[in-house]
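Heads up: the structure comes next, in structure tokens.
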Amino acid sequence: MLKIEHLTKTYGEKKAVDDLSLHIRPGEIYGFIGHNGAGKTTTLKSVAGILRFDEGEIYVGGQWPNLEARSIKTHPLACKRDMAYIPDNPDLYDYMTGIGFLNFIADIFGVDADTRASRIRHYADAFELTDDLAQPISAYSHGMKQKLAVISALIHAPKLILMDEPFVGLDPVAAHTLKGIMRDICNQGGAIFFSTHVLEVAEKLCDKVAIIRDGRLIRSGTMEEVRGDSSLESVFLELEEK
């Protein structure tokens, strides 16, 4: 579903991401962990096609292990049709209403009227946002904007979802709802690659996890492989001290 090969992104003399390789298969929830400035957001934005990178390749879609040769560099639109990206601080159009924004996103992805109505109703009900969709986004709280961003990412039923700290700003009920949706998507053959600082969430939710430090991958694998007989928090703190 997602193949990152030797990704390198440099800002001036600093390598924000340094020779990073990760493979994420259909059905996997893959956690991405690291301190602030470790390179998580840069990686996610590179995969999403927002940032150009200096070296390496990123492939999206296809079936494992014979991925179709759809590079984000050479086939950006085809790749973006198959995925969605939820940033850590969603910048939405405040002058739009919630429903107006969702219809705008549905238009971009060519989602027909009946399908979009069904999906909007389903996810807005799940996140308890239905009654607020007629209100302008400028009146939304941060948590409501986060919910709207999540719903907008799900409208075109992406195969790959990228999330940067998706639980920040969500109340416990909404966070629980999002976890369930993430698992449902992967049970249907999708894949999710998300960054988080909440190690307890990653430990309970993820099938695999990668730990990055100063732009370089320092450990990755299944949760059992990474944490061993310890906790994910203990492993992370131990690796950070080395």
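Ordering of the structure tokens sets the chain letters (A, B, ...), residue numbers begin anew at 1 in every chain, and ligands are numbered from 1 in the order given.
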TODO: With a distance cut-off of 10 Å and only C-alpha atoms, select the neighbouring residues of A:Ser231, excluding the residue or stretch itself and same-chain residues fewer than 5 positions from it, and output the selection as an MDAnalysis selection string.
DONE: chainID A and resid 199:200 203 223:224 226 236
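Using only C-alpha atoms, the residues found no farther than 8 Å from stretch 93-105 of chain A, other than those of its own chain fewer than 6 positions away, are A:Arg116, A:Ile120, A:Asp132, A:Leu133, A:Ala134, A:Gln135, A:Pro136, A:Ile137, A:Ser138, A:Leu148, A:Ile151, A:Ser152, A:Ile155.
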Would you save the residues from that selection as a tab-separated table (two decimals), in the first residue's frame, using C-alpha atoms?
chain	number	residue	atom	x	y	z
A	116	ARG	CA	-21.42	11.52	-0.38
A	120	ILE	CA	-21.40	12.38	5.41
A	132	ASP	CA	-23.32	21.64	13.53
A	133	LEU	CA	-22.77	21.11	9.80
A	134	ALA	CA	-24.91	24.12	8.86
A	135	GLN	CA	-22.78	26.42	11.02
A	136	PRO	CA	-19.76	28.33	9.65
A	137	ILE	CA	-16.43	26.68	10.38
A	138	SER	CA	-15.31	29.94	12.02
A	148	LEU	CA	-14.58	17.84	10.24
A	151	ILE	CA	-14.77	13.29	7.96
A	152	SER	CA	-13.54	15.14	4.88
A	155	ILE	CA	-15.54	10.92	2.00
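Take the candidates A:Thr196, A:Ser141, A:Ser230, A:Gln146 and check each one against A:Ala174 using only C-alpha atoms; the shortest distance goes to A:Gln146.
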Open item on the list: Please identify the strand (DSSP E) residues within stretch 8-84 of chain A (assignment by DSSP from backbone atoms) and present them as a VMD selection string.
Closed with: chain A and resid 8 to 11 14 to 24 29 to 33 55 to 60 83 to 84
Report as a Markdown table: every residue of stretch 26-105 of chain A with an atom at most 6 Å from stretch 184-195 of chain A, its closest pair of atoms, and their distance in Å to one decimal, counting only C-alpha atoms, with rows sorted by chain and ascending residue number.
| residue | atom | partner | partner_atom | distance |
| --- | --- | --- | --- | --- |
| A:Pro26 | CA | A:Ala191 | CA | 5.1 |
| A:Gly27 | CA | A:Cys186 | CA | 4.2 |
| A:Glu28 | CA | A:Ala191 | CA | 5.1 |
| A:Ile29 | CA | A:Ile192 | CA | 4.8 |
| A:Tyr30 | CA | A:Phe193 | CA | 4.8 |
| A:Gly31 | CA | A:Phe194 | CA | 5.3 |
| A:Phe32 | CA | A:Ser195 | CA | 4.4 |
| A:Ile33 | CA | A:Ser195 | CA | 5.8 |
Residues of the last selection are to be written out with N, CA, C and O atoms, as a compact mmCIF listing (two decimals), in the first residue's frame.
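Output contents, as saved in part-v2.txt:
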# COMPACT_ATOMS: atom_id res chain seq x y z
N PRO A 26 -1.38 -3.49 3.07
CA PRO A 26 -2.82 -3.40 3.29
C PRO A 26 -3.22 -4.08 4.59
O PRO A 26 -2.71 -5.15 4.93
N GLY A 27 -4.12 -3.47 5.32
CA GLY A 27 -4.60 -4.03 6.57
C GLY A 27 -3.83 -3.59 7.80
O GLY A 27 -4.21 -3.95 8.92
N GLU A 28 -2.77 -2.80 7.62
CA GLU A 28 -1.92 -2.42 8.74
C GLU A 28 -2.21 -1.01 9.24
O GLU A 28 -2.35 -0.07 8.45
N ILE A 29 -2.26 -0.87 10.57
CA ILE A 29 -2.18 0.44 11.21
C ILE A 29 -0.74 0.59 11.68
O ILE A 29 -0.27 -0.17 12.51
N TYR A 30 -0.05 1.55 11.10
CA TYR A 30 1.39 1.71 11.32
C TYR A 30 1.64 3.02 12.06
O TYR A 30 1.36 4.10 11.56
N GLY A 31 2.17 2.92 13.27
CA GLY A 31 2.46 4.09 14.08
C GLY A 31 3.85 4.64 13.81
O GLY A 31 4.79 3.88 13.56
N PHE A 32 3.97 5.95 13.87
CA PHE A 32 5.23 6.65 13.58
C PHE A 32 5.54 7.52 14.78
O PHE A 32 4.81 8.46 15.09
N ILE A 33 6.64 7.20 15.47
CA ILE A 33 6.93 7.80 16.77
C ILE A 33 8.29 8.48 16.75
O ILE A 33 9.25 7.97 16.15
Task: Counting only C-alpha atoms, the option among A:Asp171, A:Glu5, A:Glu233, A:Asp18 closest to A:Ile218 - done: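 Checking each of A:Asp171, A:Glu5, A:Glu233, A:Asp18 against A:Ile218, counting only C-alpha atoms, the winner is A:Asp18.
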TODO: For each of A:Leu22, A:Met83, A:Leu237, A:Ile212, take the minimum atom-to-atom distance to A:Gly37, counting only C-alpha atoms, then give the residue where this is smallest.
DONE: A:Ile212
Task: All helix (DSSP H, G or I) residues (DSSP, backbone) inside stretch 113-145 of chain A, as a PyMOL selection string - done: chain A and resi 113-126+130-132+137-139+142-145
Open item on the list: So the first atom is atom CA of A:Tyr59 and the second is atom CA of A:Ile4; what is the distance between them in Å, to one decimal place?
Closed with: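 Computed distance, atom CA of A:Tyr59 to atom CA of A:Ile4, equals 6.6 Å.
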Task: Surrounding residues of A:Glu55 excluding itself and chain neighbours under 3 positions, 12 Å, only C-alpha atoms, as JSON, numbers by chain - done: {"A": [4, 5, 6, 7, 8, 9, 10, 15, 17, 18, 19, 20, 21, 46, 52, 58, 73]}
Take the residues from that selection and put them in a file with all heavy atoms, as a tab-separated table (two decimals), in the first residue's frame.
chain	number	residue	atom	x	y	z
A	4	ILE	N	8.11	3.37	1.06
A	4	ILE	CA	9.05	4.49	1.15
A	4	ILE	C	10.45	3.91	1.03
A	4	ILE	O	10.84	3.05	1.82
A	4	ILE	CB	8.91	5.24	2.49
A	4	ILE	CG1	7.47	5.74	2.69
A	4	ILE	CG2	9.89	6.40	2.57
A	4	ILE	CD1	7.21	6.32	4.07
A	5	GLU	N	11.20	4.37	0.04
A	5	GLU	CA	12.54	3.82	-0.21
A	5	GLU	C	13.58	4.92	-0.17
A	5	GLU	O	13.60	5.82	-1.01
A	5	GLU	CB	12.57	3.13	-1.58
A	5	GLU	CG	11.80	1.82	-1.63
A	5	GLU	CD	12.49	0.69	-0.89
A	5	GLU	OE1	13.64	0.89	-0.42
A	5	GLU	OE2	11.90	-0.38	-0.75
A	6	HIS	N	14.44	4.87	0.86
A	6	HIS	CA	15.61	5.75	0.97
A	6	HIS	C	15.23	7.23	0.87
A	6	HIS	O	15.90	8.01	0.20
A	6	HIS	CB	16.65	5.39	-0.10
A	6	HIS	CG	17.07	3.95	-0.05
A	6	HIS	ND1	17.80	3.41	0.98
A	6	HIS	CD2	16.82	2.92	-0.93
A	6	HIS	CE1	18.00	2.13	0.75
A	6	HIS	NE2	17.41	1.81	-0.39
A	7	LEU	N	14.15	7.60	1.55
A	7	LEU	CA	13.68	8.99	1.53
A	7	LEU	C	14.65	9.90	2.25
A	7	LEU	O	15.03	9.64	3.40
A	7	LEU	CB	12.30	9.07	2.18
A	7	LEU	CG	11.71	10.48	2.36
A	7	LEU	CD1	11.42	11.12	1.01
A	7	LEU	CD2	10.44	10.42	3.21
A	8	THR	N	15.05	10.97	1.58
A	8	THR	CA	15.92	11.98	2.19
A	8	THR	C	15.37	13.36	1.84
A	8	THR	O	15.09	13.65	0.68
A	8	THR	CB	17.36	11.85	1.68
A	8	THR	OG1	17.88	10.57	2.05
A	8	THR	CG2	18.25	12.93	2.28
A	9	LYS	N	15.21	14.19	2.87
A	9	LYS	CA	14.75	15.56	2.69
A	9	LYS	C	15.65	16.48	3.50
A	9	LYS	O	15.82	16.28	4.71
A	9	LYS	CB	13.30	15.71	3.14
A	9	LYS	CG	12.79	17.14	3.19
A	9	LYS	CD	12.75	17.79	1.81
A	9	LYS	CE	12.20	19.22	1.90
A	9	LYS	NZ	12.20	19.90	0.58
A	10	THR	N	16.22	17.47	2.84
A	10	THR	CA	17.18	18.38	3.47
A	10	THR	C	16.65	19.80	3.48
A	10	THR	O	16.09	20.27	2.49
A	10	THR	CB	18.53	18.33	2.73
A	10	THR	OG1	19.00	16.98	2.71
A	10	THR	CG2	19.56	19.22	3.42
A	15	LYS	N	19.50	17.53	7.56
A	15	LYS	CA	18.71	16.45	6.98
A	15	LYS	C	17.53	16.17	7.91
A	15	LYS	O	17.68	15.59	8.98
A	15	LYS	CB	19.56	15.18	6.81
A	15	LYS	CG	20.51	15.24	5.62
A	15	LYS	CD	21.16	13.90	5.38
A	15	LYS	CE	22.02	13.93	4.11
A	15	LYS	NZ	22.66	12.62	3.84
A	17	VAL	N	14.94	14.29	7.10
A	17	VAL	CA	14.73	12.85	6.96
A	17	VAL	C	15.94	12.30	6.24
A	17	VAL	O	16.35	12.81	5.21
A	17	VAL	CB	13.45	12.54	6.16
A	17	VAL	CG1	13.24	11.04	6.05
A	17	VAL	CG2	12.23	13.20	6.80
A	18	ASP	N	16.51	11.23	6.80
A	18	ASP	CA	17.80	10.74	6.31
A	18	ASP	C	17.72	9.25	5.96
A	18	ASP	O	17.73	8.38	6.83
A	18	ASP	CB	18.86	10.98	7.40
A	18	ASP	CG	20.27	10.68	6.93
A	18	ASP	OD1	20.46	10.30	5.76
A	18	ASP	OD2	21.21	10.83	7.75
A	19	ASP	N	17.58	8.97	4.65
A	19	ASP	CA	17.63	7.59	4.14
A	19	ASP	C	16.59	6.69	4.82
A	19	ASP	O	16.91	5.60	5.29
A	19	ASP	CB	19.03	7.03	4.32
A	19	ASP	CG	19.27	5.77	3.48
A	19	ASP	OD1	18.66	5.66	2.40
A	19	ASP	OD2	20.03	4.89	3.93
A	20	LEU	N	15.35	7.14	4.84
A	20	LEU	CA	14.28	6.41	5.51
A	20	LEU	C	13.60	5.44	4.56
A	20	LEU	O	13.19	5.82	3.46
A	20	LEU	CB	13.24	7.39	6.07
A	20	LEU	CG	12.00	6.78	6.70
A	20	LEU	CD1	12.36	6.07	7.99
A	20	LEU	CD2	10.94	7.85	6.95
A	21	SER	N	13.46	4.19	4.98
A	21	SER	CA	12.73	3.18	4.21
A	21	SER	C	11.71	2.50	5.12
A	21	SER	O	12.06	2.02	6.20
A	21	SER	CB	13.68	2.14	3.63
A	21	SER	OG	14.55	2.70	2.66
A	46	SER	N	5.80	14.50	2.69
A	46	SER	CA	6.45	13.99	1.48
A	46	SER	C	5.61	12.89	0.85
A	46	SER	O	5.41	12.86	-0.37
A	46	SER	CB	7.85	13.46	1.81
A	46	SER	OG	8.70	14.49	2.28
A	52	ARG	N	8.43	18.36	-1.76
A	52	ARG	CA	9.38	17.66	-2.64
A	52	ARG	C	10.55	17.18	-1.79
A	52	ARG	O	10.94	17.82	-0.82
A	52	ARG	CB	9.88	18.60	-3.73
A	52	ARG	CG	8.80	19.03	-4.72
A	52	ARG	CD	9.38	19.87	-5.83
A	52	ARG	NE	8.36	20.24	-6.82
A	52	ARG	CZ	8.62	20.94	-7.91
A	52	ARG	NH1	9.86	21.36	-8.17
A	52	ARG	NH2	7.64	21.23	-8.76
A	58	ILE	N	8.82	7.21	-3.33
A	58	ILE	CA	7.62	6.88	-2.56
A	58	ILE	C	6.58	6.32	-3.53
A	58	ILE	O	6.24	6.97	-4.52
A	58	ILE	CB	7.05	8.10	-1.83
A	58	ILE	CG1	8.05	8.61	-0.78
A	58	ILE	CG2	5.71	7.76	-1.17
A	58	ILE	CD1	7.65	9.92	-0.14
A	73	LYS	N	6.20	11.07	-7.25
A	73	LYS	CA	6.91	12.05	-8.09
A	73	LYS	C	6.31	12.11	-9.50
A	73	LYS	O	6.08	13.19	-10.04
A	73	LYS	CB	8.40	11.69	-8.20
A	73	LYS	CG	9.24	11.93	-6.97
A	73	LYS	CD	10.68	11.55	-7.27
A	73	LYS	CE	11.60	11.83	-6.10
A	73	LYS	NZ	13.01	11.43	-6.41
Open item on the list: Using only C-alpha atoms, can you tell me which of A:Lys147, A:Phe109, A:Ala153, A:His35 comes closest to A:Val198?
Closed with: A:His35
Task: Distance in Å - atom CA of A:Asp214 versus atom CA of A:Val235 - done: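 Going from atom CA of A:Asp214 over to atom CA of A:Val235 covers 16.7 Å.
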Open item on the list: My list of candidates is A:Gly143, A:Pro87, A:Gly61, A:Gly12. Which is closest to A:Thr41 when distances are computed with only C-alpha atoms?
Closed with: A:Pro87
- [ ] Determine, counting only C-alpha atoms, which protein, DNA and RNA residues have an atom within 12 Å of an atom of A:Pro172; residues of the same chain fewer than 5 positions away are not included. Present the result as a ChimeraX atom specification.
- [x] /A:127,143,167,177-179,201
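Note that the spacing between atom CA of A:Asp112 and atom CA of A:Ala157 amounts to 12.3 Å.
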Task: Option closest in space to A:Ile24, from A:Thr74, A:Asp164, A:Gly169, A:Lys159 [counting only C-alpha atoms] - done: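 Distance minimum relative to A:Ile24 lands on A:Lys159.
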